[in-house]
>>> print(open('input-v9.cif').read())   # mmCIF, C-alpha atoms; chains and numbers go by the auth columns
data_target
loop_
_atom_site.group_PDB
_atom_site.id
_atom_site.type_symbol
_atom_site.label_atom_id
_atom_site.label_comp_id
_atom_site.label_asym_id
_atom_site.label_seq_id
_atom_site.Cartn_x
_atom_site.Cartn_y
_atom_site.Cartn_z
_atom_site.B_iso_or_equiv
_atom_site.auth_seq_id
_atom_site.auth_asym_id
ATOM 1 C CA MET A 1 87.748 119.824 126.499 0.00 622 J
ATOM 2 C CA ASN A 2 87.679 122.007 123.405 0.00 623 J
ATOM 3 C CA GLY A 3 84.452 123.723 124.393 0.00 624 J
ATOM 4 C CA ILE A 4 85.812 124.641 127.802 0.00 625 J
ATOM 5 C CA LEU A 5 89.170 125.726 126.387 0.00 626 J
ATOM 6 C CA ASN A 6 87.473 127.920 123.783 0.00 627 J
ATOM 7 C CA THR A 7 85.311 129.535 126.454 0.00 628 J
ATOM 8 C CA VAL A 8 88.325 130.226 128.655 0.00 629 J
ATOM 9 C CA LEU A 9 90.229 131.612 125.653 0.00 630 J
ATOM 10 C CA LEU A 10 87.594 134.339 125.422 0.00 631 J
ATOM 11 C CA MET A 11 88.612 135.493 128.889 0.00 632 J
ATOM 12 C CA LEU A 12 92.365 135.773 128.334 0.00 633 J
ATOM 13 C CA ASP A 13 92.201 139.532 127.840 0.00 634 J
ATOM 14 C CA SER A 14 89.844 140.085 130.786 0.00 635 J
ATOM 15 C CA GLY A 15 92.573 141.413 133.048 0.00 636 J
ATOM 16 C CA LEU A 16 91.872 138.762 135.690 0.00 637 J
ATOM 17 C CA PRO A 17 95.063 137.883 137.578 0.00 638 J
ATOM 18 C CA CYS A 18 94.659 134.144 136.972 0.00 639 J
ATOM 19 C CA PHE A 19 95.312 134.783 133.261 0.00 640 J
ATOM 20 C CA SER A 20 98.325 137.065 133.704 0.00 641 J
ATOM 21 C CA ARG A 21 101.055 134.501 134.464 0.00 642 J
ATOM 22 C CA GLY A 22 102.434 131.425 132.795 0.00 643 J
ATOM 23 C CA ASP A 23 100.430 129.454 130.261 0.00 644 J
ATOM 24 C CA PRO A 24 96.885 129.211 131.638 0.00 645 J
ATOM 25 C CA ILE A 25 95.444 127.573 128.512 0.00 646 J
ATOM 26 C CA GLY A 26 98.282 125.045 128.248 0.00 647 J
ATOM 27 C CA ASN A 27 97.973 124.228 131.940 0.00 648 J
ATOM 28 C CA LEU A 28 94.199 123.817 131.643 0.00 649 J
ATOM 29 C CA ARG A 29 94.628 121.589 128.588 0.00 650 J
ATOM 30 C CA LYS A 30 97.031 119.338 130.539 0.00 651 J
ATOM 31 C CA ARG A 31 94.398 118.883 133.262 0.00 652 J
ATOM 32 C CA PHE A 32 92.119 117.251 130.682 0.00 653 J
ATOM 33 C CA HIS A 33 94.832 114.693 129.823 0.00 654 J
ATOM 34 C CA PRO A 34 94.397 114.845 126.032 0.00 655 J
ATOM 35 C CA GLU A 35 96.816 111.935 125.683 0.00 656 J
ATOM 36 C CA MET A 36 94.167 109.615 127.126 0.00 657 J
ATOM 37 C CA THR A 37 91.437 107.932 125.162 0.00 658 J
ATOM 38 C CA GLU A 38 87.927 109.249 125.740 0.00 659 J
ATOM 39 C CA ARG A 39 87.133 106.283 128.002 0.00 660 J
ATOM 40 C CA GLU A 40 90.368 106.689 129.985 0.00 661 J
ATOM 41 C CA ALA A 41 89.714 110.408 130.412 0.00 662 J
ATOM 42 C CA ALA A 42 86.128 109.757 131.532 0.00 663 J
ATOM 43 C CA ASN A 43 87.281 107.226 134.138 0.00 664 J
ATOM 44 C CA PHE A 44 90.025 109.579 135.292 0.00 665 J
ATOM 45 C CA MET A 45 87.570 112.468 135.732 0.00 666 J
ATOM 46 C CA LYS A 46 85.078 110.235 137.563 0.00 667 J
ATOM 47 C CA ASN A 47 87.855 109.344 139.996 0.00 668 J
ATOM 48 C CA VAL A 48 88.846 113.002 140.397 0.00 669 J
ATOM 49 C CA CYS A 49 85.226 113.950 141.177 0.00 670 J
ATOM 50 C CA THR A 50 84.770 111.060 143.603 0.00 671 J
ATOM 51 C CA ASP A 51 88.036 111.892 145.331 0.00 672 J
ATOM 52 C CA ALA A 52 87.080 115.569 145.652 0.00 673 J
ATOM 53 C CA TYR A 53 83.634 114.684 146.977 0.00 674 J
ATOM 54 C CA ASN A 54 85.154 112.486 149.681 0.00 675 J
ATOM 55 C CA LYS A 55 87.736 115.036 150.893 0.00 676 J
ATOM 56 C CA TRP A 56 87.135 116.823 154.191 0.00 677 J
ATOM 57 C CA THR A 57 88.058 120.101 152.511 0.00 678 J
ATOM 58 C CA THR A 58 85.080 119.773 150.163 0.00 679 J
ATOM 59 C CA ALA A 59 82.743 119.204 153.100 0.00 680 J
ATOM 60 C CA GLY A 60 84.296 122.182 154.890 0.00 681 J
ATOM 61 C CA TYR A 61 83.825 124.408 151.859 0.00 682 J
ATOM 62 C CA ASP A 62 80.208 123.243 151.517 0.00 683 J
ATOM 63 C CA LEU A 63 79.618 124.092 155.187 0.00 684 J
ATOM 64 C CA ILE A 64 81.068 127.580 154.753 0.00 685 J
ATOM 65 C CA GLN A 65 78.900 128.144 151.677 0.00 686 J
ATOM 66 C CA TYR A 66 75.839 127.034 153.616 0.00 687 J
ATOM 67 C CA LEU A 67 76.614 129.188 156.666 0.00 688 J
ATOM 68 C CA GLN A 68 77.537 132.313 154.701 0.00 689 J
ATOM 69 C CA GLN A 69 75.253 132.090 151.682 0.00 690 J
ATOM 70 C CA GLY A 70 72.562 129.580 152.583 0.00 691 J
ATOM 71 C CA ILE A 71 73.686 127.347 149.712 0.00 692 J
ATOM 72 C CA GLU A 72 72.729 123.775 150.482 0.00 693 J
ATOM 73 C CA LYS A 73 74.746 120.802 149.314 0.00 694 J
#
>>> encode(input="input-v9.cif", output="structure tokens")
Amino acid sequence: MNGILNTVLLMLDSGLPCFSRGDPIGNLRKRFHPEMTEREAANFMKNVCTDAYNKWTTAGYDLIQYLQQGIEK
């Protein structure tokens, strides 16, 4: 979490629109669920990844990437 947050902090002054509103670092930190133990957070993230992998939208995005860019899954 801290490594990713520190990397994103370097981009705050980049002028990218995603950093111009609200509290992007605070919101990103919340997504890591720092209140969880390391094991709880690992299980949570495994479930998030599995859920994303099984969604039709992920397969659709992968198909678009393949058709437009030749990027295979």
>>> resolve_selection(input="input-v9.cif", expression="the PyMOL selection byres ((chain J and resi 652) around 12)", output="PyMOL selection string")
chain J and resi 622+625-626+645-651+653-657+662+665-666+669
>>> axis_aligned_box(input="input-v9.cif", around="segment 674-687 of chain J", padding_each_side="6 Å", output="JSON")
{"center_x": 81.9, "center_y": 120.3, "center_z": 151.1, "size_x": 24.2, "size_y": 27.7, "size_z": 20.2}
>>> atom_distance(input="input-v9.cif", atom1="atom CA of Phe640 of chain J", atom2="atom CA of Lys667 of chain J")
26.9 Å
>>> atom_distance(input="input-v9.cif", atom1="atom CA of Gln686 of chain J", atom2="atom CA of Pro638 of chain J")
23.6 Å
>>> atom_distance(input="input-v9.cif", atom1="atom CA of Arg642 of chain J", atom2="atom CA of Val629 of chain J")
14.6 Å
>>> decode(input="input-v9.cif", residues="segment 670-686 of chain J", atoms="all heavy atoms", output="tab-separated table (two decimals), in the first residue's frame")
chain	number	residue	atom	x	y	z
J	670	CYS	N	-9.86	-9.54	-7.17
J	670	CYS	CA	-9.26	-9.96	-8.44
J	670	CYS	C	-10.06	-11.09	-9.08
J	670	CYS	O	-10.31	-11.06	-10.30
J	670	CYS	CB	-7.81	-10.38	-8.23
J	670	CYS	SG	-6.73	-9.01	-7.79
J	671	THR	N	-10.47	-12.05	-8.29
J	671	THR	CA	-11.27	-13.17	-8.82
J	671	THR	C	-12.59	-12.66	-9.36
J	671	THR	O	-13.03	-13.05	-10.45
J	671	THR	CB	-11.51	-14.23	-7.73
J	671	THR	OG1	-10.24	-14.72	-7.30
J	671	THR	CG2	-12.36	-15.37	-8.23
J	672	ASP	N	-13.23	-11.77	-8.62
J	672	ASP	CA	-14.50	-11.21	-9.04
J	672	ASP	C	-14.34	-10.44	-10.35
J	672	ASP	O	-15.14	-10.59	-11.27
J	672	ASP	CB	-15.06	-10.30	-7.93
J	672	ASP	CG	-16.46	-9.83	-8.22
J	672	ASP	OD1	-17.30	-10.65	-8.63
J	672	ASP	OD2	-16.73	-8.62	-8.04
J	673	ALA	N	-13.30	-9.64	-10.45
J	673	ALA	CA	-13.06	-8.86	-11.67
J	673	ALA	C	-12.79	-9.79	-12.86
J	673	ALA	O	-13.27	-9.56	-13.97
J	673	ALA	CB	-11.89	-7.91	-11.47
J	674	TYR	N	-12.03	-10.83	-12.63
J	674	TYR	CA	-11.69	-11.78	-13.69
J	674	TYR	C	-12.94	-12.46	-14.24
J	674	TYR	O	-13.05	-12.72	-15.43
J	674	TYR	CB	-10.71	-12.83	-13.17
J	674	TYR	CG	-10.32	-13.85	-14.20
J	674	TYR	CD1	-9.35	-13.55	-15.16
J	674	TYR	CD2	-10.91	-15.10	-14.24
J	674	TYR	CE1	-8.98	-14.48	-16.12
J	674	TYR	CE2	-10.55	-16.03	-15.20
J	674	TYR	CZ	-9.60	-15.72	-16.13
J	674	TYR	OH	-9.25	-16.64	-17.08
J	675	ASN	N	-13.90	-12.72	-13.36
J	675	ASN	CA	-15.11	-13.44	-13.75
J	675	ASN	C	-16.21	-12.55	-14.31
J	675	ASN	O	-17.24	-13.05	-14.74
J	675	ASN	CB	-15.65	-14.25	-12.57
J	675	ASN	CG	-14.74	-15.40	-12.21
J	675	ASN	OD1	-14.12	-16.00	-13.08
J	675	ASN	ND2	-14.64	-15.68	-10.93
J	676	LYS	N	-16.03	-11.25	-14.33
J	676	LYS	CA	-17.06	-10.33	-14.83
J	676	LYS	C	-17.05	-10.29	-16.36
J	676	LYS	O	-16.00	-10.33	-16.99
J	676	LYS	CB	-16.85	-8.93	-14.29
J	676	LYS	CG	-17.19	-8.80	-12.82
J	676	LYS	CD	-17.60	-7.40	-12.51
J	676	LYS	CE	-17.88	-7.17	-11.06
J	676	LYS	NZ	-18.79	-8.04	-10.42
J	677	TRP	N	-18.22	-10.17	-16.96
J	677	TRP	CA	-18.30	-10.10	-18.42
J	677	TRP	C	-17.63	-8.84	-18.93
J	677	TRP	O	-17.12	-8.82	-20.05
J	677	TRP	CB	-19.75	-10.20	-18.89
J	677	TRP	CG	-20.59	-9.00	-18.55
J	677	TRP	CD1	-21.37	-8.83	-17.44
J	677	TRP	CD2	-20.73	-7.81	-19.33
J	677	TRP	NE1	-21.97	-7.59	-17.47
J	677	TRP	CE2	-21.60	-6.95	-18.63
J	677	TRP	CE3	-20.20	-7.37	-20.53
J	677	TRP	CZ2	-21.95	-5.69	-19.09
J	677	TRP	CZ3	-20.55	-6.11	-21.01
J	677	TRP	CH2	-21.43	-5.29	-20.29
J	678	THR	N	-17.62	-7.79	-18.12
J	678	THR	CA	-17.01	-6.54	-18.57
J	678	THR	C	-15.50	-6.70	-18.75
J	678	THR	O	-14.91	-6.10	-19.65
J	678	THR	CB	-17.29	-5.40	-17.58
J	678	THR	OG1	-16.93	-5.82	-16.26
J	678	THR	CG2	-18.76	-5.01	-17.58
J	679	THR	N	-14.88	-7.52	-17.92
J	679	THR	CA	-13.44	-7.77	-18.05
J	679	THR	C	-13.18	-8.51	-19.36
J	679	THR	O	-12.26	-8.15	-20.11
J	679	THR	CB	-12.92	-8.58	-16.86
J	679	THR	OG1	-13.20	-7.87	-15.65
J	679	THR	CG2	-11.42	-8.83	-16.97
J	680	ALA	N	-13.99	-9.52	-19.64
J	680	ALA	CA	-13.83	-10.27	-20.89
J	680	ALA	C	-14.07	-9.36	-22.09
J	680	ALA	O	-13.35	-9.44	-23.10
J	680	ALA	CB	-14.79	-11.46	-20.92
J	681	GLY	N	-15.04	-8.48	-21.99
J	681	GLY	CA	-15.31	-7.53	-23.07
J	681	GLY	C	-14.14	-6.58	-23.30
J	681	GLY	O	-13.75	-6.31	-24.44
J	682	TYR	N	-13.58	-6.08	-22.22
J	682	TYR	CA	-12.42	-5.19	-22.32
J	682	TYR	C	-11.23	-5.93	-22.93
J	682	TYR	O	-10.53	-5.39	-23.79
J	682	TYR	CB	-12.05	-4.65	-20.94
J	682	TYR	CG	-10.87	-3.72	-20.96
J	682	TYR	CD1	-11.02	-2.39	-21.35
J	682	TYR	CD2	-9.60	-4.16	-20.60
J	682	TYR	CE1	-9.93	-1.53	-21.39
J	682	TYR	CE2	-8.52	-3.31	-20.63
J	682	TYR	CZ	-8.69	-2.00	-21.02
J	682	TYR	OH	-7.61	-1.15	-21.07
J	683	ASP	N	-11.01	-7.17	-22.51
J	683	ASP	CA	-9.92	-7.97	-23.07
J	683	ASP	C	-10.12	-8.18	-24.57
J	683	ASP	O	-9.16	-8.11	-25.35
J	683	ASP	CB	-9.82	-9.32	-22.37
J	683	ASP	CG	-9.29	-9.23	-20.95
J	683	ASP	OD1	-8.71	-8.18	-20.60
J	683	ASP	OD2	-9.45	-10.20	-20.20
J	684	LEU	N	-11.37	-8.41	-25.00
J	684	LEU	CA	-11.66	-8.59	-26.41
J	684	LEU	C	-11.35	-7.31	-27.19
J	684	LEU	O	-10.74	-7.36	-28.27
J	684	LEU	CB	-13.12	-9.02	-26.61
J	684	LEU	CG	-13.58	-9.17	-28.06
J	684	LEU	CD1	-12.77	-10.27	-28.76
J	684	LEU	CD2	-15.07	-9.48	-28.11
J	685	ILE	N	-11.77	-6.18	-26.66
J	685	ILE	CA	-11.49	-4.90	-27.33
J	685	ILE	C	-9.99	-4.68	-27.44
J	685	ILE	O	-9.49	-4.26	-28.50
J	685	ILE	CB	-12.17	-3.74	-26.57
J	685	ILE	CG1	-13.69	-3.83	-26.74
J	685	ILE	CG2	-11.65	-2.39	-27.05
J	685	ILE	CD1	-14.47	-2.91	-25.84
J	686	GLN	N	-9.25	-4.96	-26.38
J	686	GLN	CA	-7.80	-4.80	-26.41
J	686	GLN	C	-7.17	-5.71	-27.48
J	686	GLN	O	-6.26	-5.31	-28.19
J	686	GLN	CB	-7.18	-5.10	-25.05
J	686	GLN	CG	-7.48	-4.06	-24.00
J	686	GLN	CD	-6.84	-2.73	-24.35
J	686	GLN	OE1	-5.65	-2.63	-24.54
J	686	GLN	NE2	-7.67	-1.71	-24.46
